[in-house]
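Next up, entry-v7.pdb (PDB, C-alpha atoms):
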ATOM      1  CA  MET A   2       9.584  74.655  -3.717
ATOM      2  CA  ASN A   3       9.338  71.224  -2.076
ATOM      3  CA  ASN A   4      12.934  70.326  -2.864
ATOM      4  CA  THR A   5      15.212  71.224   0.001
ATOM      5  CA  VAL A   6      18.183  71.835  -2.309
ATOM      6  CA  ARG A   7      17.552  73.909  -5.425
ATOM      7  CA  ILE A   8      19.263  75.879  -8.127
ATOM      8  CA  GLN A   9      16.795  78.079  -9.926
ATOM      9  CA  GLN A  10      16.419  81.252 -11.953
ATOM     10  CA  GLU A  11      13.405  82.552 -10.064
ATOM     11  CA  ASP A  12      13.426  84.691  -6.971
ATOM     12  CA  PHE A  13      12.417  83.009  -3.726
ATOM     13  CA  SER A  14      10.517  83.875  -0.566
ATOM     14  CA  LEU A  15      12.537  83.780   2.641
ATOM     15  CA  GLN A  16       9.316  83.392   4.642
ATOM     16  CA  ALA A  17       8.110  80.484   2.503
ATOM     17  CA  GLU A  18      11.421  78.673   2.891
ATOM     18  CA  VAL A  19      11.533  79.199   6.662
ATOM     19  CA  ASP A  20       7.926  78.010   6.950
ATOM     20  CA  ALA A  21       8.717  74.904   4.894
ATOM     21  CA  LEU A  22      11.659  74.141   7.158
ATOM     22  CA  ARG A  23       9.590  74.686  10.317
ATOM     23  CA  ALA A  24       7.050  72.195   8.990
ATOM     24  CA  VAL A  25       9.704  69.439   9.053
ATOM     25  CA  SER A  26       9.667  69.029  12.831
ATOM     26  CA  LYS A  27       8.135  70.625  15.896
ATOM     27  CA  ARG A  28      11.385  69.818  17.701
ATOM     28  CA  ILE A  29      13.026  72.709  15.878
ATOM     29  CA  GLY A  30      13.708  75.436  18.413
ATOM     30  CA  GLY A  31      16.250  77.554  16.573
ATOM     31  CA  ILE A  32      16.542  78.552  12.916
ATOM     32  CA  ALA A  33      19.610  80.239  11.440
ATOM     33  CA  THR A  34      19.524  81.814   7.992
ATOM     34  CA  PHE A  35      22.095  83.216   5.626
ATOM     35  CA  LEU A  36      20.796  85.357   2.780
ATOM     36  CA  GLY A  37      23.272  86.528   0.176
ATOM     37  CA  CYS A  38      22.309  89.553  -1.922
ATOM     38  CA  ALA A  39      23.853  91.399  -4.849
ATOM     39  CA  ARG A  40      25.856  94.463  -3.846
ATOM     40  CA  ASP A  41      25.983  97.627  -5.944
ATOM     41  CA  PHE A  42      29.689  98.134  -5.191
ATOM     42  CA  SER A  43      32.586  95.688  -5.270
ATOM     43  CA  GLU A  44      36.375  95.944  -5.490
ATOM     44  CA  GLY A  45      36.142  99.736  -5.594
ATOM     45  CA  ARG A  46      33.689 100.034  -8.463
ATOM     46  CA  ASP A  47      29.960 100.240  -9.071
ATOM     47  CA  VAL A  48      28.198  97.019 -10.015
ATOM     48  CA  PHE A  49      24.988  97.186 -12.038
ATOM     49  CA  SER A  50      24.230  93.461 -12.183
ATOM     50  CA  ILE A  51      25.743  90.024 -11.681
ATOM     51  CA  HIS A  52      25.284  87.115 -14.050
ATOM     52  CA  PHE A  53      25.576  83.616 -12.581
ATOM     53  CA  GLU A  54      26.574  80.519 -14.494
ATOM     54  CA  GLN A  55      26.595  76.920 -13.255
ATOM     55  CA  TYR A  56      27.845  73.509 -14.291
ATOM     56  CA  ALA A  57      24.377  71.977 -14.417
ATOM     57  CA  GLY A  58      24.195  68.605 -12.750
ATOM     58  CA  MET A  59      27.476  68.896 -10.883
ATOM     59  CA  ALA A  60      26.287  72.043  -9.094
ATOM     60  CA  GLU A  61      23.095  70.382  -7.830
ATOM     61  CA  SER A  62      25.026  67.279  -6.800
ATOM     62  CA  ALA A  63      27.606  69.338  -4.918
ATOM     63  CA  MET A  64      24.882  71.248  -3.070
ATOM     64  CA  GLN A  65      23.066  68.022  -2.196
ATOM     65  CA  ALA A  66      26.345  66.549  -0.906
ATOM     66  CA  LEU A  67      26.813  69.619   1.316
ATOM     67  CA  HIS A  68      23.269  69.222   2.624
ATOM     68  CA  ASP A  69      23.893  65.574   3.454
ATOM     69  CA  GLU A  70      27.266  66.298   5.051
ATOM     70  CA  ALA A  71      25.824  69.049   7.212
ATOM     71  CA  MET A  72      23.008  66.788   8.405
ATOM     72  CA  ALA A  73      25.602  64.184   9.456
ATOM     73  CA  LYS A  74      28.175  66.617  10.862
ATOM     74  CA  PHE A  75      26.015  68.912  13.003
ATOM     75  CA  ASP A  76      23.284  68.336  15.560
ATOM     76  CA  ILE A  77      20.581  69.776  13.318
ATOM     77  CA  LEU A  78      17.155  68.709  12.123
ATOM     78  CA  ALA A  79      16.655  70.265   8.693
ATOM     79  CA  VAL A  80      18.412  72.270   5.988
ATOM     80  CA  ARG A  81      17.202  74.182   2.959
ATOM     81  CA  MET A  82      19.637  75.548   0.365
ATOM     82  CA  LEU A  83      18.837  77.641  -2.701
ATOM     83  CA  HIS A  84      21.037  79.390  -5.237
ATOM     84  CA  ARG A  85      19.792  81.491  -8.130
ATOM     85  CA  VAL A  86      21.490  81.175 -11.506
ATOM     86  CA  THR A  87      20.389  84.085 -13.625
ATOM     87  CA  THR A  88      21.172  87.808 -13.907
ATOM     88  CA  VAL A  89      20.490  89.654 -10.676
ATOM     89  CA  HIS A  90      20.583  93.378 -10.049
ATOM     90  CA  ALA A  91      21.853  95.230  -6.994
ATOM     91  CA  GLY A  92      19.817  94.432  -3.923
ATOM     92  CA  GLU A  93      18.304  91.231  -5.294
ATOM     93  CA  LYS A  94      18.558  87.883  -3.557
ATOM     94  CA  ILE A  95      21.146  85.308  -4.681
ATOM     95  CA  VAL A  96      21.570  82.511  -2.171
ATOM     96  CA  LEU A  97      19.747  81.254   0.906
ATOM     97  CA  ILE A  98      20.757  78.786   3.591
ATOM     98  CA  VAL A  99      18.219  77.890   6.282
ATOM     99  CA  VAL A 100      19.132  75.534   9.116
ATOM    100  CA  GLY A 101      16.844  74.274  11.846
ATOM    101  CA  ALA A 102      18.014  72.655  15.079
ATOM    102  CA  GLU A 103      16.797  72.100  18.607
ATOM    103  CA  HIS A 104      19.171  74.801  19.796
ATOM    104  CA  ARG A 105      20.747  77.855  18.193
ATOM    105  CA  LYS A 106      24.444  76.983  18.399
ATOM    106  CA  PRO A 107      24.504  74.055  15.954
ATOM    107  CA  ALA A 108      22.108  75.962  13.679
ATOM    108  CA  PHE A 109      24.509  78.936  13.493
ATOM    109  CA  GLU A 110      27.559  76.688  13.067
ATOM    110  CA  ALA A 111      25.994  74.613  10.297
ATOM    111  CA  CYS A 112      24.722  77.701   8.491
ATOM    112  CA  GLU A 113      28.181  79.304   8.443
ATOM    113  CA  TRP A 114      29.842  76.044   7.399
ATOM    114  CA  LEU A 115      27.350  75.539   4.567
ATOM    115  CA  ILE A 116      27.836  78.950   2.963
ATOM    116  CA  ASP A 117      31.626  78.700   3.339
ATOM    117  CA  GLU A 118      31.691  75.250   1.732
ATOM    118  CA  LEU A 119      29.201  76.230  -0.969
ATOM    119  CA  LYS A 120      31.608  78.914  -2.129
ATOM    120  CA  LYS A 121      34.455  76.376  -2.272
ATOM    121  CA  ARG A 122      32.699  73.317  -3.647
ATOM    122  CA  VAL A 123      29.744  74.247  -5.843
ATOM    123  CA  PRO A 124      30.607  74.983  -9.496
ATOM    124  CA  ILE A 125      28.953  78.354  -9.894
ATOM    125  CA  TRP A 126      30.623  81.467 -11.319
ATOM    126  CA  LYS A 127      29.612  85.097 -11.525
ATOM    127  CA  LYS A 128      30.308  87.899 -13.942
ATOM    128  CA  GLU A 129      29.783  91.469 -12.805
ATOM    129  CA  THR A 130      28.602  94.223 -15.104
ATOM    130  CA  THR A 131      30.274  97.505 -14.165
ATOM    131  CA  PRO A 132      30.601 100.940 -15.800
ATOM    132  CA  ASN A 133      33.913  99.705 -17.252
ATOM    133  CA  GLY A 134      32.505  96.499 -18.721
ATOM    134  CA  ASP A 135      32.013  92.918 -17.632
ATOM    135  CA  SER A 136      34.451  90.876 -15.567
ATOM    136  CA  TRP A 137      34.447  87.459 -13.941
ATOM    137  CA  VAL A 138      34.656  87.563 -10.169
ATOM    138  CA  ILE A 139      37.536  85.978  -8.324
ATOM    139  CA  GLN A 140      36.472  83.896  -5.363
ATOM    140  CA  HIS A 141      35.854  85.805  -2.136
ATOM    141  CA  PRO A 142      37.210  84.279   1.072
TER     142      PRO A 142
ATOM    143  CA  MET B  19      35.768  61.083 -28.560
ATOM    144  CA  ILE B  20      35.217  63.045 -25.388
ATOM    145  CA  LYS B  21      33.148  66.120 -24.626
ATOM    146  CA  LEU B  22      35.095  69.063 -23.280
ATOM    147  CA  LEU B  23      33.274  71.842 -21.397
ATOM    148  CA  PHE B  24      34.549  75.314 -20.520
ATOM    149  CA  PHE B  25      33.128  77.611 -17.875
ATOM    150  CA  GLY B  26      33.470  81.226 -16.793
ATOM    151  CA  ALA B  27      36.603  83.043 -17.902
ATOM    152  CA  LEU B  28      37.886  79.846 -19.534
ATOM    153  CA  ALA B  29      34.955  79.808 -21.954
ATOM    154  CA  ASP B  30      35.714  83.416 -22.846
ATOM    155  CA  LYS B  31      39.384  82.581 -23.431
ATOM    156  CA  VAL B  32      38.781  79.661 -25.770
ATOM    157  CA  GLY B  33      35.757  81.345 -27.369
ATOM    158  CA  LYS B  34      33.415  78.414 -26.885
ATOM    159  CA  GLN B  35      31.570  76.531 -24.182
ATOM    160  CA  SER B  36      32.116  73.012 -25.484
ATOM    161  CA  MET B  37      34.028  70.991 -28.051
ATOM    162  CA  GLN B  38      34.889  67.419 -28.940
ATOM    163  CA  ALA B  39      38.378  66.011 -28.414
ATOM    164  CA  GLU B  40      40.167  62.737 -28.945
ATOM    165  CA  ALA B  41      40.164  60.159 -26.174
ATOM    166  CA  GLY B  42      43.423  58.526 -25.055
ATOM    167  CA  GLN B  43      45.325  61.632 -23.975
ATOM    168  CA  ARG B  44      46.289  62.826 -20.521
ATOM    169  CA  LEU B  45      44.311  65.655 -18.964
ATOM    170  CA  GLN B  46      47.445  67.769 -18.694
ATOM    171  CA  ASP B  47      48.098  67.419 -22.418
ATOM    172  CA  LEU B  48      44.478  68.190 -23.223
ATOM    173  CA  ILE B  49      44.696  71.393 -21.169
ATOM    174  CA  VAL B  50      47.794  72.489 -23.110
ATOM    175  CA  ALA B  51      46.202  71.552 -26.450
ATOM    176  CA  VAL B  52      43.183  73.792 -25.869
ATOM    177  CA  GLY B  53      45.342  76.725 -24.729
ATOM    178  CA  CYS B  54      44.293  76.776 -21.072
ATOM    179  CA  ALA B  55      47.629  75.876 -19.452
ATOM    180  CA  ASP B  56      48.244  79.491 -18.429
ATOM    181  CA  MET B  57      44.808  79.833 -16.839
ATOM    182  CA  GLN B  58      45.772  79.007 -13.257
ATOM    183  CA  PRO B  59      44.322  78.036 -10.904
ATOM    184  CA  LEU B  60      42.362  75.621 -13.038
ATOM    185  CA  LEU B  61      39.902  73.057 -11.705
ATOM    186  CA  VAL B  62      39.095  69.893 -13.635
ATOM    187  CA  ALA B  63      36.123  67.547 -13.443
ATOM    188  CA  VAL B  64      35.641  64.252 -15.233
ATOM    189  CA  ASN B  65      32.056  63.058 -15.516
ATOM    190  CA  GLN B  66      31.018  65.722 -13.003
ATOM    191  CA  GLU B  67      33.527  64.636 -10.329
ATOM    192  CA  GLN B  68      36.453  66.916  -9.539
ATOM    193  CA  VAL B  69      39.813  65.264 -10.233
ATOM    194  CA  HIS B  70      43.308  66.274  -9.141
ATOM    195  CA  ASP B  71      45.412  63.731 -11.023
ATOM    196  CA  LEU B  72      46.102  65.406 -14.352
ATOM    197  CA  ALA B  73      47.890  62.274 -15.574
ATOM    198  CA  TYR B  74      44.449  60.686 -15.951
ATOM    199  CA  ILE B  75      43.961  59.441 -19.509
ATOM    200  CA  VAL B  76      40.571  60.456 -20.852
ATOM    201  CA  LYS B  77      38.370  57.654 -22.119
ATOM    202  CA  ASP B  78      35.842  57.510 -24.895
ATOM    203  CA  GLY B  79      32.591  59.091 -23.717
ATOM    204  CA  ASP B  80      34.135  61.078 -20.849
ATOM    205  CA  GLU B  81      32.799  64.543 -20.112
ATOM    206  CA  VAL B  82      35.700  66.755 -19.058
ATOM    207  CA  ALA B  83      35.083  70.197 -17.574
ATOM    208  CA  LEU B  84      37.753  72.891 -17.297
ATOM    209  CA  MET B  85      36.727  75.378 -14.646
ATOM    210  CA  PRO B  86      38.035  78.507 -12.940
ATOM    211  CA  PRO B  87      37.800  78.571  -9.121
ATOM    212  CA  PHE B  88      34.192  78.569  -8.008
ATOM    213  CA  ALA B  89      32.634  81.908  -7.082
ATOM    214  CA  GLY B  90      29.069  81.235  -6.039
ATOM    215  CA  GLY B  91      27.264  82.819  -3.141
TER     216      GLY B  91
END
If you took the structure in this file and wrote it as structure tokens, what would it be?
Amino acid sequence: MNNTVRIQQEDFSLQAEVDALRAVSKRIGGIATFLGCARDFSEGRDVFSIHFEQYAGMAESAMQALHDEAMAKFDILAVRMLHRVTTVHAGEKIVLIVVGAEHRKPAFEACEWLIDELKKRVPIWKKETTPNGDSWVIQHP
Amino acid sequence: MIKLLFFGALADKVGKQSMQAEAGQRLQDLIVAVGCADMQPLLVAVNQEQVHDLAYIVKDGDEVALMPPFAGG
């Protein structure tokens, strides 16, 4: 919970993560969040669950590198990043990015950049379970 | 010897998640030898760092990962 960058099996609390970020600095005036959840429908078919797999070690390092890059690149004060690696069912939480800044614009920009780069640079894969069987997901833009 | 790791659809294709291989061969030859040459696009990491030069000759003790494009989030 105290680590700002985490890969974990367990579910997480959006409120707890936002509160932890707010505790970093009273200069934070704007917080942007991205919460990714499992959909029950994808590519024209029902999805019962999604199983996530990671390259342990490299995935954490890649997420930490993104955190550090975002802190240097944007005018922001704090970042928290979490990704679950387990089997999640439709509606359940998968990934969370929380960014705090003095003002909203850099918080929004950093949040969008972080989730876009996470998809490109963090070695995590997902396999969907559908009525027709399991299949690995091709990267979404 | 090196440790070779497979992830996602690549692990399904080769039927295993890891194996040992001989050091001293180029990454591109290793990929052909394990039957993954037709699995494109294919990402490669050596010792947890992504590499793009497939002429790299693997060294004793290297950990080589063959990975499909990432799909987190």
### Matched chain/residue IDs from the PyMOL selection byres ((chain B) within 6 of (chain A)), as a list in words
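With the PyMOL selection byres ((chain B) within 6 of (chain A)) on this model, the match is Gln66, Phe88, Ala89, Gly90 and Gly91 of chain B.
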### Message
the PyMOL selection byres ((chain B and resi 68) around 10) - which residues does that actually catch in the file I just gave you? List them as a VMD selection string.
### Response
(chain A and resid 59 122 124) or (chain B and resid 61 to 67 69 to 71 82 to 85)
### Message
So that I can check the surroundings of A:Val48, please list as a list of chain:residue names every protein, DNA and RNA residue that reaches within 6 Å of it, counting only C-alpha atoms and ignoring chain neighbours fewer than 2 positions away.
### Response
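Result of the neighbour search: A:Asp41, A:Phe42, A:Ser50, A:Thr130, A:Thr131.
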### Query
Counting all atoms listed in the file, which of B:Leu72, B:Leu60, B:Leu48, B:Lys77 gets nearest to B:Phe25?
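Ranked by minimum distance to B:Phe25, first place goes to B:Leu60.
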### Query
Quick one, how far is atom CA of B:Leu45 from atom CA of A:Gln65?
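Atom CA of A:Gln65 lies at a distance of 27.2 Å from atom CA of B:Leu45.
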The centre and edge lengths of an axis-aligned box containing all atoms of stretch 63-74 of chain B present in the file, extended by 4 Å on each side, are to be given in Å to one decimal, as AutoDock Vina command-line options.
--center_x 39.5 --center_y 64.1 --center_z -12.5 --size_x 24.9 --size_y 14.9 --size_z 14.8
### Query
Care to translate the PyMOL selection byres ((chain B and resi 41) around 9) into actual residues of this file, as a list in words?
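When the PyMOL selection byres ((chain B and resi 41) around 9) is applied to the shown file, the picked residues are Met19, Ile20, Ala39, Glu40, Gly42, Gln43, Arg44, Ile75, Val76, Lys77, Asp78, Gly79 and Asp80 of chain B.
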### Query
Which of these, B:Pro87, B:Asp56, B:Ala51, B:Gln35, has the shortest distance to B:Leu22 once you count only C-alpha atoms?
B:Gln35
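The smallest atom-to-atom distance between A:Glu70 and any of A:Asn133, A:Ala111, A:Ser14, A:Phe35, using all atoms listed in the file, is found for A:Ala111.
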### Query
How many Å separate atom CA of A:Phe75 from atom CA of A:Ile98?
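Atom CA of A:Phe75 sits 14.6 Å away from atom CA of A:Ile98.
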### Task
Considering all atoms listed in the file, return as a list in words whatever protein or nucleic-acid residues lie within 12 Å of A:Ala73, sequence-local ones (same chain, fewer than 6 positions apart) excluded.
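Once the adjacent positions are removed, what remains is Ala66, Leu67, Ala79, Val80, Pro107 and Ala111 of chain A.
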Considering only C-alpha atoms, return as a short mmCIF file (atom, residue, chain, number, x, y, z; two decimals) with C-alpha atoms, in the frame of the given file whatever protein or nucleic-acid residues lie within 10 Å of A:Asp76, sequence-local ones (same chain, fewer than 6 positions apart) excluded.
data_model
loop_
_atom_site.label_atom_id
_atom_site.label_comp_id
_atom_site.auth_asym_id
_atom_site.auth_seq_id
_atom_site.Cartn_x
_atom_site.Cartn_y
_atom_site.Cartn_z
CA GLY A 101 16.84 74.27 11.85
CA ALA A 102 18.01 72.66 15.08
CA GLU A 103 16.80 72.10 18.61
CA HIS A 104 19.17 74.80 19.80
CA LYS A 106 24.44 76.98 18.40
CA PRO A 107 24.50 74.06 15.95
CA ALA A 108 22.11 75.96 13.68
CA GLU A 110 27.56 76.69 13.07
CA ALA A 111 25.99 74.61 10.30
#
### Atom pair atom CA of A:Thr88 / atom CA of A:Gln9: separation (Å)
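So the two atoms, atom CA of A:Thr88 and atom CA of A:Gln9, lie 11.4 Å apart.
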Dump all heavy atoms of stretch 62-73 of chain B from the given block, as a PDB file, in the first residue's frame.
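Saved the output as part-v6.pdb:
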ATOM      1  N   VAL B  62      11.899  -9.043 -27.627  1.00  0.00           N
ATOM      2  CA  VAL B  62      12.959  -9.812 -26.977  1.00  0.00           C
ATOM      3  C   VAL B  62      13.582  -8.981 -25.864  1.00  0.00           C
ATOM      4  O   VAL B  62      13.846  -7.778 -26.046  1.00  0.00           O
ATOM      5  CB  VAL B  62      14.052 -10.201 -27.992  1.00  0.00           C
ATOM      6  CG1 VAL B  62      15.129 -11.056 -27.316  1.00  0.00           C
ATOM      7  CG2 VAL B  62      13.454 -10.951 -29.173  1.00  0.00           C
ATOM      8  N   ALA B  63      13.791  -9.613 -24.721  1.00  0.00           N
ATOM      9  CA  ALA B  63      14.521  -8.959 -23.630  1.00  0.00           C
ATOM     10  C   ALA B  63      15.686  -9.847 -23.222  1.00  0.00           C
ATOM     11  O   ALA B  63      15.580 -11.075 -23.227  1.00  0.00           O
ATOM     12  CB  ALA B  63      13.608  -8.724 -22.431  1.00  0.00           C
ATOM     13  N   VAL B  64      16.791  -9.210 -22.896  1.00  0.00           N
ATOM     14  CA  VAL B  64      17.944  -9.921 -22.347  1.00  0.00           C
ATOM     15  C   VAL B  64      18.209  -9.332 -20.970  1.00  0.00           C
ATOM     16  O   VAL B  64      18.394  -8.117 -20.827  1.00  0.00           O
ATOM     17  CB  VAL B  64      19.188  -9.772 -23.250  1.00  0.00           C
ATOM     18  CG1 VAL B  64      20.394 -10.445 -22.585  1.00  0.00           C
ATOM     19  CG2 VAL B  64      18.928 -10.381 -24.625  1.00  0.00           C
ATOM     20  N   ASN B  65      18.189 -10.197 -19.981  1.00  0.00           N
ATOM     21  CA  ASN B  65      18.380  -9.768 -18.586  1.00  0.00           C
ATOM     22  C   ASN B  65      17.436  -8.623 -18.223  1.00  0.00           C
ATOM     23  O   ASN B  65      17.836  -7.633 -17.619  1.00  0.00           O
ATOM     24  CB  ASN B  65      19.849  -9.404 -18.342  1.00  0.00           C
ATOM     25  CG  ASN B  65      20.758 -10.588 -18.604  1.00  0.00           C
ATOM     26  OD1 ASN B  65      20.373 -11.738 -18.351  1.00  0.00           O
ATOM     27  ND2 ASN B  65      21.928 -10.337 -19.154  1.00  0.00           N
ATOM     28  N   GLN B  66      16.184  -8.791 -18.667  1.00  0.00           N
ATOM     29  CA  GLN B  66      15.078  -7.893 -18.325  1.00  0.00           C
ATOM     30  C   GLN B  66      15.168  -6.519 -18.986  1.00  0.00           C
ATOM     31  O   GLN B  66      14.468  -5.592 -18.576  1.00  0.00           O
ATOM     32  CB  GLN B  66      14.927  -7.766 -16.803  1.00  0.00           C
ATOM     33  CG  GLN B  66      14.794  -9.126 -16.124  1.00  0.00           C
ATOM     34  CD  GLN B  66      13.881  -9.131 -14.924  1.00  0.00           C
ATOM     35  OE1 GLN B  66      13.566  -8.092 -14.351  1.00  0.00           O
ATOM     36  NE2 GLN B  66      13.422 -10.308 -14.527  1.00  0.00           N
ATOM     37  N   GLU B  67      16.012  -6.391 -20.019  1.00  0.00           N
ATOM     38  CA  GLU B  67      16.070  -5.151 -20.800  1.00  0.00           C
ATOM     39  C   GLU B  67      15.700  -5.498 -22.239  1.00  0.00           C
ATOM     40  O   GLU B  67      16.286  -6.424 -22.826  1.00  0.00           O
ATOM     41  CB  GLU B  67      17.484  -4.561 -20.794  1.00  0.00           C
ATOM     42  CG  GLU B  67      17.942  -4.048 -19.441  1.00  0.00           C
ATOM     43  CD  GLU B  67      17.351  -2.687 -19.095  1.00  0.00           C
ATOM     44  OE1 GLU B  67      16.864  -2.002 -20.018  1.00  0.00           O
ATOM     45  OE2 GLU B  67      17.368  -2.336 -17.902  1.00  0.00           O
ATOM     46  N   GLN B  68      14.756  -4.745 -22.811  1.00  0.00           N
ATOM     47  CA  GLN B  68      14.349  -5.032 -24.177  1.00  0.00           C
ATOM     48  C   GLN B  68      15.492  -4.747 -25.139  1.00  0.00           C
ATOM     49  O   GLN B  68      16.195  -3.733 -24.999  1.00  0.00           O
ATOM     50  CB  GLN B  68      13.123  -4.197 -24.547  1.00  0.00           C
ATOM     51  CG  GLN B  68      12.358  -4.785 -25.727  1.00  0.00           C
ATOM     52  CD  GLN B  68      11.032  -4.090 -25.962  1.00  0.00           C
ATOM     53  OE1 GLN B  68      10.451  -3.494 -25.060  1.00  0.00           O
ATOM     54  NE2 GLN B  68      10.551  -4.159 -27.183  1.00  0.00           N
ATOM     55  N   VAL B  69      15.724  -5.651 -26.084  1.00  0.00           N
ATOM     56  CA  VAL B  69      16.787  -5.471 -27.069  1.00  0.00           C
ATOM     57  C   VAL B  69      16.184  -5.534 -28.479  1.00  0.00           C
ATOM     58  O   VAL B  69      15.169  -6.189 -28.702  1.00  0.00           O
ATOM     59  CB  VAL B  69      17.895  -6.541 -26.937  1.00  0.00           C
ATOM     60  CG1 VAL B  69      18.578  -6.450 -25.598  1.00  0.00           C
ATOM     61  CG2 VAL B  69      17.346  -7.931 -27.167  1.00  0.00           C
ATOM     62  N   HIS B  70      16.828  -4.826 -29.400  1.00  0.00           N
ATOM     63  CA  HIS B  70      16.333  -4.790 -30.778  1.00  0.00           C
ATOM     64  C   HIS B  70      17.343  -5.397 -31.752  1.00  0.00           C
ATOM     65  O   HIS B  70      16.996  -5.705 -32.885  1.00  0.00           O
ATOM     66  CB  HIS B  70      16.008  -3.345 -31.170  1.00  0.00           C
ATOM     67  CG  HIS B  70      14.977  -2.722 -30.266  1.00  0.00           C
ATOM     68  ND1 HIS B  70      13.635  -3.013 -30.353  1.00  0.00           N
ATOM     69  CD2 HIS B  70      15.101  -1.870 -29.220  1.00  0.00           C
ATOM     70  CE1 HIS B  70      12.971  -2.348 -29.407  1.00  0.00           C
ATOM     71  NE2 HIS B  70      13.842  -1.649 -28.712  1.00  0.00           N
ATOM     72  N   ASP B  71      18.572  -5.565 -31.299  1.00  0.00           N
ATOM     73  CA  ASP B  71      19.610  -6.126 -32.160  1.00  0.00           C
ATOM     74  C   ASP B  71      19.626  -7.653 -32.012  1.00  0.00           C
ATOM     75  O   ASP B  71      20.181  -8.199 -31.058  1.00  0.00           O
ATOM     76  CB  ASP B  71      20.975  -5.541 -31.760  1.00  0.00           C
ATOM     77  CG  ASP B  71      22.103  -6.132 -32.585  1.00  0.00           C
ATOM     78  OD1 ASP B  71      21.801  -6.798 -33.611  1.00  0.00           O
ATOM     79  OD2 ASP B  71      23.278  -5.936 -32.209  1.00  0.00           O
ATOM     80  N   LEU B  72      19.003  -8.327 -32.969  1.00  0.00           N
ATOM     81  CA  LEU B  72      18.880  -9.777 -32.867  1.00  0.00           C
ATOM     82  C   LEU B  72      20.170 -10.500 -33.265  1.00  0.00           C
ATOM     83  O   LEU B  72      20.232 -11.732 -33.238  1.00  0.00           O
ATOM     84  CB  LEU B  72      17.702 -10.270 -33.712  1.00  0.00           C
ATOM     85  CG  LEU B  72      16.328  -9.725 -33.273  1.00  0.00           C
ATOM     86  CD1 LEU B  72      15.214 -10.354 -34.088  1.00  0.00           C
ATOM     87  CD2 LEU B  72      16.086  -9.953 -31.778  1.00  0.00           C
ATOM     88  N   ALA B  73      21.190  -9.719 -33.633  1.00  0.00           N
ATOM     89  CA  ALA B  73      22.509 -10.321 -33.883  1.00  0.00           C
ATOM     90  C   ALA B  73      23.289 -10.500 -32.576  1.00  0.00           C
ATOM     91  O   ALA B  73      24.371 -11.087 -32.577  1.00  0.00           O
ATOM     92  CB  ALA B  73      23.307  -9.441 -34.848  1.00  0.00           C
TER      93      ALA B  73
END
